[in-house]
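For reference, target.txt is printed below; it contains compact mmCIF, C-alpha atoms.
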```
# COMPACT_ATOMS: atom_id res chain seq x y z
CA MET A 236 -79.98 -43.95 12.22
CA LEU A 237 -79.00 -47.20 13.88
CA PRO A 238 -76.23 -47.06 16.46
CA VAL A 239 -72.93 -48.71 15.51
CA ALA A 240 -73.55 -51.69 17.80
CA GLY A 241 -76.93 -52.25 16.18
CA ARG A 242 -75.39 -52.18 12.72
CA ARG A 243 -72.65 -54.61 13.72
CA ALA A 244 -75.11 -57.01 15.32
CA ARG A 245 -77.32 -56.99 12.22
CA SER A 246 -74.37 -57.52 9.90
CA ALA A 247 -73.19 -60.44 12.01
CA VAL A 248 -76.65 -62.04 12.06
CA THR A 249 -76.94 -61.61 8.28
CA VAL A 250 -73.59 -63.30 7.64
CA VAL A 251 -74.22 -66.17 10.06
CA LEU A 252 -77.68 -66.92 8.63
CA ALA A 253 -76.38 -66.77 5.06
CA LEU A 254 -73.51 -69.15 5.85
CA LEU A 255 -75.82 -71.58 7.64
CA VAL A 256 -78.35 -71.76 4.82
CA LEU A 257 -75.64 -72.07 2.17
CA ALA A 258 -73.91 -74.84 4.14
CA GLY A 259 -77.27 -76.56 4.55
CA THR A 260 -77.98 -76.37 0.83
CA PHE A 261 -74.62 -77.75 -0.29
CA VAL A 262 -73.78 -80.33 2.37
CA GLY A 263 -76.72 -80.41 4.80
CA GLN A 264 -79.66 -82.78 5.12
CA ASP A 265 -83.27 -82.47 6.26
CA ASP A 266 -81.97 -83.18 9.75
CA ASP A 267 -80.42 -79.69 9.80
CA PHE A 268 -83.82 -77.96 9.76
CA PRO A 269 -84.38 -75.03 9.44
CA PHE A 270 -81.16 -74.69 7.46
CA GLY A 271 -81.32 -77.94 5.53
CA PRO A 272 -81.49 -78.04 1.73
CA PHE A 273 -84.80 -76.99 0.12
CA ARG A 274 -85.22 -80.39 -1.43
CA MET A 275 -88.94 -80.46 -2.18
CA TYR A 276 -89.30 -82.50 -5.39
CA ALA A 277 -85.53 -82.28 -5.86
CA THR A 278 -85.01 -85.95 -6.64
CA ARG A 279 -85.23 -87.05 -10.24
CA ASP A 280 -87.68 -89.73 -11.30
CA ASP A 281 -86.75 -92.01 -14.17
CA PRO A 282 -89.18 -91.40 -17.08
CA ASP A 283 -89.12 -95.20 -17.62
CA GLY A 284 -89.14 -96.14 -13.98
CA LEU A 285 -91.58 -96.63 -11.13
CA VAL A 286 -93.43 -94.09 -9.02
CA ARG A 287 -94.12 -95.39 -5.52
CA SER A 288 -96.76 -94.24 -3.11
CA ALA A 289 -97.38 -95.74 0.32
CA ARG A 290 -100.52 -95.69 2.39
CA VAL A 291 -101.53 -97.10 5.72
CA GLU A 292 -104.43 -99.53 5.78
CA ALA A 293 -105.96 -100.95 8.89
CA VAL A 294 -108.54 -103.52 9.89
CA ASP A 295 -110.65 -102.68 12.91
CA GLY A 296 -112.11 -105.03 15.53
CA GLU A 297 -115.28 -105.41 13.49
CA GLY A 298 -113.35 -106.66 10.48
CA ARG A 299 -113.78 -103.47 8.45
CA LEU A 300 -110.93 -102.38 6.17
CA ARG A 301 -109.99 -98.72 6.61
CA THR A 302 -107.51 -96.39 4.99
CA VAL A 303 -106.14 -94.29 7.82
CA ASP A 304 -104.53 -90.88 7.72
CA GLU A 305 -103.01 -88.47 10.23
CA ARG A 306 -106.41 -87.70 11.75
CA SER A 307 -106.68 -91.25 13.02
CA THR A 308 -103.04 -92.27 13.55
CA GLY A 309 -101.24 -88.96 14.06
CA LEU A 310 -98.79 -89.58 11.20
CA LYS A 311 -99.13 -88.18 7.67
CA ARG A 312 -98.49 -90.29 4.60
CA ALA A 313 -95.16 -88.54 4.05
CA GLU A 314 -94.17 -89.27 7.65
CA VAL A 315 -95.06 -92.94 7.28
CA GLU A 316 -92.99 -93.00 4.08
CA GLY A 317 -90.14 -91.24 5.89
CA GLN A 318 -90.05 -94.00 8.49
CA VAL A 319 -91.05 -96.86 6.19
CA ASP A 320 -87.66 -98.60 6.53
CA ARG A 321 -88.27 -98.86 10.27
CA PHE A 322 -91.72 -100.34 9.73
CA VAL A 323 -90.35 -102.88 7.26
CA ALA A 324 -87.42 -103.82 9.52
CA ALA A 325 -89.60 -104.04 12.64
CA PRO A 326 -93.28 -104.42 11.71
CA GLN A 327 -94.27 -104.44 15.40
CA THR A 328 -93.59 -100.67 15.28
CA LEU A 329 -96.84 -100.37 13.32
CA GLY A 330 -98.58 -101.34 16.55
CA LEU A 331 -97.67 -97.84 17.74
CA LEU A 332 -100.01 -96.45 15.11
CA ALA A 333 -102.81 -98.59 16.52
CA GLN A 334 -101.96 -97.16 19.96
CA ALA A 335 -102.13 -93.62 18.60
CA HIS A 336 -105.44 -94.45 16.95
CA SER A 337 -106.93 -95.57 20.29
CA ARG A 338 -105.84 -92.25 21.82
CA LEU A 339 -107.09 -90.08 18.96
CA ARG A 340 -110.33 -91.99 18.32
CA PRO A 341 -111.32 -93.56 21.64
CA ASP A 342 -114.92 -93.96 20.42
CA GLU A 343 -113.96 -96.15 17.45
CA PRO A 344 -113.25 -99.91 17.63
CA PRO A 345 -109.51 -100.47 18.07
CA LEU A 346 -107.37 -101.50 15.12
CA VAL A 347 -106.38 -105.15 15.09
CA GLU A 348 -104.23 -105.04 11.99
CA VAL A 349 -102.15 -102.21 10.49
CA ARG A 350 -100.28 -102.53 7.23
CA VAL A 351 -98.28 -100.31 4.92
CA VAL A 352 -99.26 -100.83 1.31
CA GLU A 353 -96.99 -99.55 -1.41
CA ARG A 354 -98.43 -98.89 -4.84
CA ALA A 355 -96.03 -98.68 -7.77
CA TYR A 356 -97.03 -97.09 -11.08
CA VAL A 357 -95.04 -98.06 -14.17
CA LEU A 358 -93.92 -95.13 -16.34
CA ARG A 359 -92.90 -95.16 -19.98
CA ASP A 360 -91.60 -91.87 -21.44
CA SER A 361 -92.88 -90.02 -18.36
CA ARG A 362 -96.40 -91.31 -18.99
CA PRO A 363 -98.10 -93.82 -16.68
CA THR A 364 -98.72 -97.03 -18.64
CA GLY A 365 -101.71 -97.88 -16.48
CA GLU A 366 -99.85 -100.86 -15.12
CA GLN A 367 -99.57 -100.79 -11.34
CA THR A 368 -98.79 -103.16 -8.53
CA GLU A 369 -99.62 -103.14 -4.85
CA THR A 370 -97.47 -104.77 -2.22
CA VAL A 371 -97.90 -105.02 1.53
CA VAL A 372 -94.44 -103.99 2.73
CA ALA A 373 -95.09 -104.22 6.47
CA ARG A 374 -97.87 -105.77 8.52
CA TRP A 375 -98.69 -105.87 12.22
CA THR A 376 -101.50 -107.83 13.81
CA ALA A 377 -102.71 -107.41 17.35
CA PRO A 378 -101.35 -110.14 19.60
CA MET B 252 -98.80 -54.06 9.04
CA LEU B 253 -96.59 -57.00 8.06
CA ARG B 254 -96.05 -57.72 11.75
CA VAL B 255 -99.78 -57.94 12.37
CA ILE B 256 -100.23 -60.28 9.41
CA VAL B 257 -97.29 -62.49 10.38
CA TYR B 258 -98.39 -62.83 14.00
CA LEU B 259 -102.04 -63.38 13.09
CA PHE B 260 -100.97 -66.07 10.65
CA VAL B 261 -99.51 -68.13 13.52
CA PRO B 262 -102.95 -69.06 14.97
CA VAL B 263 -104.23 -69.74 11.44
CA ASP B 264 -101.30 -72.07 10.81
CA VAL B 265 -101.45 -73.79 14.19
CA LEU B 266 -105.24 -74.18 14.42
CA LEU B 267 -106.40 -74.49 10.81
CA THR B 268 -103.88 -75.19 8.09
CA THR B 269 -101.42 -77.55 9.79
CA THR B 270 -103.59 -79.36 12.31
CA TRP B 271 -101.48 -82.51 11.93
CA VAL B 272 -98.82 -81.06 14.26
CA ARG B 273 -101.18 -81.26 17.21
CA ALA B 274 -101.93 -84.89 16.36
CA HIS B 275 -98.31 -85.68 17.25
CA ALA B 276 -99.37 -85.29 20.88
CA SER B 277 -101.02 -88.72 20.60
CA VAL B 278 -98.20 -90.48 18.75
CA PRO B 279 -96.14 -92.86 20.93
CA GLU B 280 -92.72 -91.43 21.68
CA GLU B 281 -90.91 -94.28 19.90
CA LEU B 282 -91.90 -92.65 16.59
CA TYR B 283 -90.28 -89.32 17.57
CA VAL B 284 -87.05 -88.93 15.60
CA PRO B 285 -85.69 -85.59 16.81
CA LEU B 286 -83.90 -83.34 14.34
CA ARG B 287 -80.38 -82.14 15.04
CA ILE B 288 -81.76 -79.01 16.72
CA GLY B 289 -83.89 -81.23 18.97
CA ARG B 290 -80.85 -83.33 19.90
CA LEU B 291 -78.63 -80.31 20.58
CA LEU B 292 -81.16 -78.54 22.78
CA PRO B 293 -82.67 -80.23 25.82
CA LEU B 294 -86.18 -80.27 24.37
CA PRO B 295 -88.87 -82.53 25.83
CA THR B 296 -90.26 -85.46 23.84
CA PRO B 297 -93.69 -84.52 22.48
CA GLY B 298 -96.60 -85.94 24.41
CA PRO B 299 -99.95 -84.71 25.72
CA TRP B 300 -98.30 -81.41 26.75
CA VAL B 301 -98.24 -80.44 23.06
CA GLU B 302 -101.97 -79.67 23.28
CA VAL B 303 -101.35 -77.14 26.08
CA PHE B 304 -98.33 -75.75 24.26
CA GLN B 305 -100.53 -75.11 21.22
CA VAL B 306 -102.79 -72.87 23.30
CA VAL B 307 -99.79 -71.01 24.79
CA LEU B 308 -98.37 -70.40 21.31
CA VAL B 309 -101.68 -69.10 19.96
CA VAL B 310 -102.13 -66.75 22.93
CA ALA B 311 -98.55 -65.48 22.57
CA ALA B 312 -99.09 -64.81 18.85
CA LEU B 313 -102.35 -62.94 19.50
CA LEU B 314 -100.55 -60.84 22.13
CA ALA B 315 -97.75 -60.07 19.68
CA ALA B 316 -100.26 -59.03 17.01
CA ALA B 317 -102.01 -56.79 19.54
CA ALA B 318 -98.63 -55.39 20.62
CA ALA B 319 -97.86 -54.50 17.01
CA VAL B 320 -101.20 -52.71 16.65
CA VAL B 321 -100.87 -50.60 19.81
CA ASP B 322 -97.07 -50.37 19.47
CA ARG B 323 -96.29 -51.59 22.98
CA LEU B 324 -93.66 -54.22 23.89
CA PRO B 325 -93.17 -55.42 20.29
CA ARG B 326 -89.72 -56.88 21.05
CA LEU B 327 -90.66 -58.95 24.08
CA THR B 328 -93.81 -60.40 22.54
CA GLY B 329 -92.05 -60.96 19.21
CA TRP B 330 -89.16 -62.90 20.71
CA LEU B 331 -91.56 -65.01 22.70
CA VAL B 332 -93.48 -66.03 19.58
CA ALA B 333 -90.25 -66.73 17.67
CA LEU B 334 -88.98 -69.12 20.37
CA LEU B 335 -92.31 -70.87 20.93
CA TYR B 336 -92.89 -71.29 17.19
CA LEU B 337 -89.43 -72.78 16.70
CA GLU B 338 -90.22 -75.44 19.30
CA TRP B 339 -93.57 -76.03 17.56
CA MET B 340 -91.59 -76.69 14.37
CA VAL B 341 -89.45 -79.28 16.16
CA VAL B 342 -92.65 -81.04 17.20
CA ALA B 343 -93.90 -80.76 13.61
CA MET B 344 -90.85 -81.97 11.69
CA SER B 345 -89.49 -84.73 13.95
CA TYR B 346 -91.62 -87.62 12.72
CA GLY B 347 -89.99 -88.59 9.46
CA LYS B 348 -90.87 -85.66 7.19
CA VAL B 349 -89.41 -82.17 7.04
CA ASP B 350 -91.31 -79.46 5.16
CA HIS B 351 -89.55 -76.69 3.29
CA ASP B 352 -92.34 -74.16 3.13
CA ARG B 353 -91.45 -71.88 6.01
CA PHE B 354 -87.81 -70.83 6.01
CA ALA B 355 -88.68 -67.23 5.12
CA PHE B 356 -91.51 -67.21 7.67
CA LEU B 357 -89.10 -68.34 10.40
CA ILE B 358 -86.65 -65.63 9.36
CA ALA B 359 -89.53 -63.13 9.57
CA LEU B 360 -90.33 -64.24 13.14
CA LEU B 361 -86.63 -63.98 13.99
CA VAL B 362 -85.99 -60.48 12.59
CA LEU B 363 -89.30 -58.69 13.18
CA PRO B 364 -88.69 -58.17 16.95
CA SER B 365 -85.55 -56.21 16.05
CA VAL B 366 -87.65 -53.50 14.41
CA GLY B 367 -88.73 -52.22 17.82
CA ARG B 368 -91.44 -49.63 18.11
CA ALA B 369 -93.12 -48.56 14.90
CA ALA B 370 -96.69 -47.29 14.79
CA LEU B 371 -98.96 -49.22 12.44
CA ARG B 372 -99.82 -46.13 10.42
CA SER B 373 -96.37 -44.61 10.47
CA ARG B 374 -94.82 -43.71 7.12
CA GLU B 375 -91.49 -42.90 8.71
CA GLN B 376 -88.46 -44.58 7.24
CA SER B 377 -86.49 -46.69 9.64
CA GLU B 378 -83.20 -48.48 9.09
CA ALA B 379 -84.19 -51.15 11.57
CA ALA B 380 -87.37 -51.90 9.64
CA GLY B 381 -85.42 -51.77 6.39
CA TRP B 382 -83.01 -54.44 7.58
CA ALA B 383 -85.83 -56.70 8.73
CA LEU B 384 -87.72 -56.37 5.43
CA SER B 385 -84.53 -56.97 3.42
CA MET B 386 -83.81 -60.13 5.41
CA ILE B 387 -87.30 -61.48 4.75
CA ALA B 388 -87.05 -60.65 1.05
CA LEU B 389 -83.65 -62.35 0.85
CA ALA B 390 -85.01 -65.43 2.62
CA VAL B 391 -87.93 -65.61 0.16
CA VAL B 392 -85.61 -65.44 -2.82
CA ALA B 393 -83.13 -67.87 -1.22
CA THR B 394 -85.93 -70.40 -0.85
CA TYR B 395 -86.44 -70.41 -4.63
CA THR B 396 -82.83 -70.13 -5.75
CA LEU B 397 -81.48 -72.66 -3.28
CA ALA B 398 -84.35 -75.00 -4.18
CA ALA B 399 -82.95 -75.00 -7.72
CA VAL B 400 -79.50 -75.72 -6.31
CA ALA B 401 -80.95 -78.62 -4.32
CA LYS B 402 -82.55 -80.02 -7.49
CA ILE B 403 -79.15 -80.01 -9.16
CA ARG B 404 -77.51 -81.51 -6.07
CA PHE B 405 -80.01 -84.33 -5.52
CA GLY B 406 -81.53 -84.80 -8.94
CA GLY B 407 -78.50 -83.97 -11.05
CA TRP B 408 -78.21 -81.70 -14.04
CA ASP B 409 -80.78 -83.81 -15.88
CA TRP B 410 -83.44 -83.22 -13.21
CA VAL B 411 -85.26 -81.17 -15.82
CA ASP B 412 -85.50 -84.24 -18.08
CA GLY B 413 -86.80 -86.54 -15.36
CA ALA B 414 -90.37 -87.41 -14.48
CA THR B 415 -90.56 -85.65 -11.14
CA LEU B 416 -93.73 -83.71 -11.91
CA THR B 417 -95.36 -86.89 -13.21
CA ARG B 418 -94.66 -88.40 -9.80
CA ALA B 419 -96.10 -85.32 -8.11
CA VAL B 420 -99.33 -85.54 -10.11
CA LEU B 421 -99.63 -89.34 -9.74
CA ARG B 422 -99.28 -89.10 -5.99
CA ARG B 423 -101.21 -85.94 -5.23
CA GLY B 424 -102.84 -84.72 -8.43
CA THR B 425 -106.28 -83.12 -8.30
CA GLY B 426 -108.95 -83.66 -10.93
CA MET B 427 -107.59 -80.56 -12.62
CA ALA B 428 -104.07 -82.00 -12.82
CA GLU B 429 -104.79 -85.55 -13.93
CA PRO B 430 -105.32 -84.78 -17.64
CA LEU B 431 -101.71 -83.55 -17.63
CA LEU B 432 -100.52 -87.14 -17.20
CA ASP B 433 -101.51 -87.78 -20.82
CA VAL B 434 -99.41 -84.90 -22.12
CA PRO B 435 -96.03 -85.52 -20.50
CA MET B 436 -94.58 -82.81 -22.73
CA VAL B 437 -96.38 -80.16 -20.70
CA LEU B 438 -95.00 -81.48 -17.42
CA HIS B 439 -91.56 -81.82 -18.98
CA ALA B 440 -91.67 -78.20 -20.15
CA ALA B 441 -92.94 -77.14 -16.73
CA GLN B 442 -89.78 -78.63 -15.18
CA TYR B 443 -87.68 -76.36 -17.37
CA GLY B 444 -89.97 -73.46 -16.50
CA LEU B 445 -89.60 -74.15 -12.79
CA MET B 446 -85.82 -74.29 -12.98
CA VAL B 447 -85.65 -71.02 -14.92
CA MET B 448 -88.09 -69.36 -12.54
CA GLU B 449 -86.18 -70.44 -9.46
CA LEU B 450 -82.74 -69.63 -10.80
CA ALA B 451 -83.31 -66.56 -12.93
CA VAL B 452 -86.64 -64.93 -12.20
CA ALA B 453 -86.68 -65.11 -8.41
CA PRO B 454 -83.60 -62.88 -8.01
CA LEU B 455 -85.53 -60.22 -9.93
CA LEU B 456 -87.72 -59.91 -6.83
CA LEU B 457 -84.79 -58.13 -5.18
CA VAL B 458 -84.40 -55.54 -7.91
CA ARG B 459 -85.43 -52.00 -7.02
CA TRP B 460 -87.39 -51.12 -10.16
CA ARG B 461 -87.66 -47.55 -11.35
CA ASP B 462 -91.38 -48.17 -11.45
CA PRO B 463 -92.03 -50.15 -8.25
CA ARG B 464 -95.15 -51.66 -9.78
CA TRP B 465 -92.90 -54.10 -11.69
CA GLY B 466 -91.64 -55.52 -8.42
CA TRP B 467 -95.14 -55.79 -6.97
CA GLY B 468 -96.38 -57.47 -10.14
CA LEU B 469 -93.59 -59.99 -9.94
CA ALA B 470 -94.43 -60.78 -6.31
CA LEU B 471 -98.06 -61.32 -7.36
CA VAL B 472 -96.93 -63.67 -10.16
CA PHE B 473 -95.11 -65.80 -7.59
CA LEU B 474 -98.17 -65.81 -5.34
CA GLY B 475 -100.12 -66.97 -8.40
CA PHE B 476 -97.60 -69.77 -8.95
CA HIS B 477 -98.26 -71.04 -5.41
CA LEU B 478 -102.02 -70.90 -5.94
CA MET B 479 -101.66 -72.85 -9.18
CA THR B 480 -99.53 -75.47 -7.41
CA PHE B 481 -102.27 -75.78 -4.82
CA ALA B 482 -104.91 -76.24 -7.49
CA LEU B 483 -102.87 -78.99 -9.15
CA ILE B 484 -101.29 -80.98 -6.32
CA THR B 485 -102.84 -79.45 -3.14
CA ILE B 486 -99.50 -78.28 -1.79
CA ILE B 487 -99.32 -74.66 -0.79
CA PHE B 488 -96.36 -72.95 0.83
CA LEU B 489 -98.66 -70.81 2.92
CA PRO B 490 -96.10 -69.54 5.49
CA HIS B 491 -93.77 -68.76 2.60
CA CYS B 492 -96.56 -66.83 0.86
CA ILE B 493 -97.06 -64.77 4.01
CA ALA B 494 -93.35 -63.88 3.96
CA LEU B 495 -93.68 -63.07 0.24
CA LEU B 496 -96.14 -60.33 1.20
CA SER B 497 -93.15 -58.44 2.62
CA LEU B 498 -92.37 -57.41 -0.96
CA LEU B 499 -95.67 -55.56 -1.27
CA PRO B 500 -96.21 -52.02 0.08
CA LEU B 501 -98.51 -53.15 2.88
CA GLU B 502 -98.22 -49.86 4.73
CA ARG B 503 -100.46 -48.44 2.02
CA ALA B 504 -103.30 -50.66 3.18
CA VAL B 505 -103.83 -48.52 6.27
CA ARG B 506 -104.55 -44.82 6.23
CA PRO B 507 -101.47 -42.79 7.06
CA ALA B 508 -101.33 -40.99 10.35
CA PRO B 509 -102.53 -37.40 9.93
CA CYS B 510 -99.65 -34.97 9.56
CA ALA B 511 -99.00 -32.75 12.52
CA PRO B 512 -100.05 -29.19 11.73
CA ALA B 513 -97.09 -27.13 10.67
```

This entry written out as structure tokens:
Amino acid sequence: MLPVAGRRARSAVTVVLALLVLAGTFVGQDDDFPFGPFRMYATRDDPDGLVRSARVEAVDGEGRLRTVDERSTGLKRAEVEGQVDRFVAAPQTLGLLAQAHSRLRPDEPPLVEVRVVERAYVLRDSRPTGEQTETVVARWTAP
Amino acid sequence: MLRVIVYLFVPVDVLLTTTWVRAHASVPEELYVPLRIGRLLPLPTPGPWVEVFQVVLVVAALLAAAAAVVDRLPRLTGWLVALLYLEWMVVAMSYGKVDHDRFAFLIALLVLPSVGRAALRSREQSEAAGWALSMIALAVVATYTLAAVAKIRFGGWDWVDGATLTRAVLRRGTGMAEPLLDVPMVLHAAQYGLMVMELAVAPLLLVRWRDPRWGWGLALVFLGFHLMTFALITIIFLPHCIALLSLLPLERAVRPAPCAPA
């Protein structure tokens, strides 16, 4: 049997955790981790709309085009997408990814250009029409 | 048994399945966008120290797993892992993307130290262990049910009639998933299925069935759902799956301690 104090403490913890996660779900945001809303795939996509997907492309000192991921820049695609507004507003921030690349891959030629490319697929009745566009939404070039 | 699995999963997570967290050590600090918890607590900005911290966390988790096996100092080692892992999560989630796959796992790390001493092969019933297991089970179910609530909150009541799964497959689909793009009806139906599963079926995990095999079967069905998701869009809620194991009678996996002669 648990002592009374142990029971009270456990009841209190249970109530506090439940209130936090409920508050997070109804009014919280991702910022409130670990109690934020479980919003994986919670947004609705228009069946006749666009699906966007961003990727980071880079050009290295030898002129080669490379698609880079978290192993060479330290940021995942979803993280780049999460901060994409910053990259668009201040493209020089993309230079930070080139910096990270030099730290993570010191043996590779440094990146001289980094860009965020957004691909948009056109949907009709929830089915991709095959039509797609690619736009460079942010670009940084080494000074 | 669950304690050993949970603590041994930490090194797996940190070293193998989410290696991108360590990569944040090399990311310039301007890209660090601390979460509320990181702003409230005086936590250091990630930098090269993250690589050392990773080793400390792995060692602490191995110690906690060993402590659970020999039944020595389970509280101290458990608390240590819980705190270190929480900081690891701040490093993980503070760069523009928050994952939702480990709420129940974090709850497990938080409540398991409260169990105190319990021999690995013990079949004794303990209220302390009962509370911890119930909390983990509730957190697992909350993850599903509140995910449905979030879909209604962010996607609206017509989330089920949207094209969210089409987006998921377009962005991350495997070769196995791509044919589904041509049959949007299947993905549309799957959205209804998901909503029903999260809202109605998940709470059944909490039911104490007259034949416990029903409950175990249900837990296995949910594990199967996560495997299928992995096969289709390479997303797996691995920490969540570890917490889901709390619904299975893991103590049966080890031989019971021999009964003392009467």

inquiry  = I want to know what sits within 12 Å of Trp382 in chain B, based on only C-alpha atoms, with residues of the same chain fewer than 2 positions away left out; could you give that as a ChimeraX atom specification?
reply    = /A:236-237,241-242,244-246,248-249 /B:358-359,362-367,376-380,384-389,497

ask   = Within 9 Å of range 346-349 of chain A, counting all atoms listed in the file, which residues qualify if same-chain residues fewer than 3 places away don't, as a list in words?
value = Val291, Glu292, Ala293, Val294, Asp295, Gly296, Glu297, Gly298, Leu329, Gly330, Leu332, Ala333, Gln334, His336, Ser337, Glu343, Ala373, Arg374, Trp375, Thr376, Ala377 and Pro378 of chain A

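Between CA of Ala311 in chain B and CA of Val332 in chain B lies a distance of 5.9 Å.
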
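You can rank B:Arg374, B:Arg287, B:Lys348, B:Arg273 by their closest distance to Pro500 in chain B using all atoms listed in the file, and at the top of that list sits B:Arg374.
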
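Coordinates place CA of Glu353 in chain A at a distance of 10.3 Å from CA of Gln367 in chain A.
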
task = Kindly extract all protein, DNA and RNA residues lying within 8 Å of the coordinates (-92.2, -59.3, -6.3) given in the file, considering all atoms listed in the file, and supply them as a VMD selection string.
result = chain B and resid 455 to 457 465 to 473 495 498 to 499

request  = Step by step: start from the point (-95.9, -54.6, 22.8) in the file's coordinates, keep every protein, DNA or RNA residue that has an atom no farther than 12 Å from it, count all atoms listed in the file, and write the set as a list of chain:residue names.
outcome  = B:Arg254, B:Val255, B:Ala311, B:Ala312, B:Leu313, B:Leu314, B:Ala315, B:Ala316, B:Ala317, B:Ala318, B:Ala319, B:Val320, B:Val321, B:Asp322, B:Arg323, B:Leu324, B:Pro325, B:Arg326, B:Leu327, B:Thr328, B:Gly329, B:Trp330, B:Leu331, B:Pro364, B:Val366, B:Gly367, B:Arg368, B:Ala369, B:Ala370

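Neighbours of Arg290 in chain B closer than or equal to 12 Å, with all atoms listed in the file counted and sequence neighbours fewer than 6 positions away skipped, come out as Asp266, Asp267 and Phe268 of chain A; Tyr283, Val284, Thr296, Val341 and Ser345 of chain B.
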
query = chain B residues within 7 Å of chain A, counting all atoms listed in the file: which ones, as a count of residues only?
reply = 33

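You will find CA of Leu416 in chain B at 12.9 Å from CA of Ile486 in chain B.
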
remark   = With distances taken over only C-alpha atoms, the candidate from A:Leu255, A:Gly365, A:Pro345, A:Asp320 nearest Arg299 in chain A is A:Pro345

note = In terms of all atoms listed in the file, the residue from A:Leu254, A:Pro341, A:Arg350, A:Phe322 at minimal distance from Arg301 in chain A is A:Arg350

request  = Check the smallest atom-to-atom distance from each of A:Asp342, A:Pro326, A:Gly263, A:Val352 to Thr302 in chain A using only C-alpha atoms, then report the winner.
outcome  = A:Val352

query = Got a sec: who's within 10 Å of Val265 in chain B, counting all atoms listed in the file, leaving out chain neighbours fewer than 5 positions off, as a PyMOL selection string?
reply = chain B and resi 260+270-273+305-306+308-309+336+339

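For the residues A:Ala240, A:Arg290, A:Pro344, A:Val357, ranking by smallest atom-to-atom distance to Thr370 in chain A using all atoms listed in the file places A:Arg290 first.
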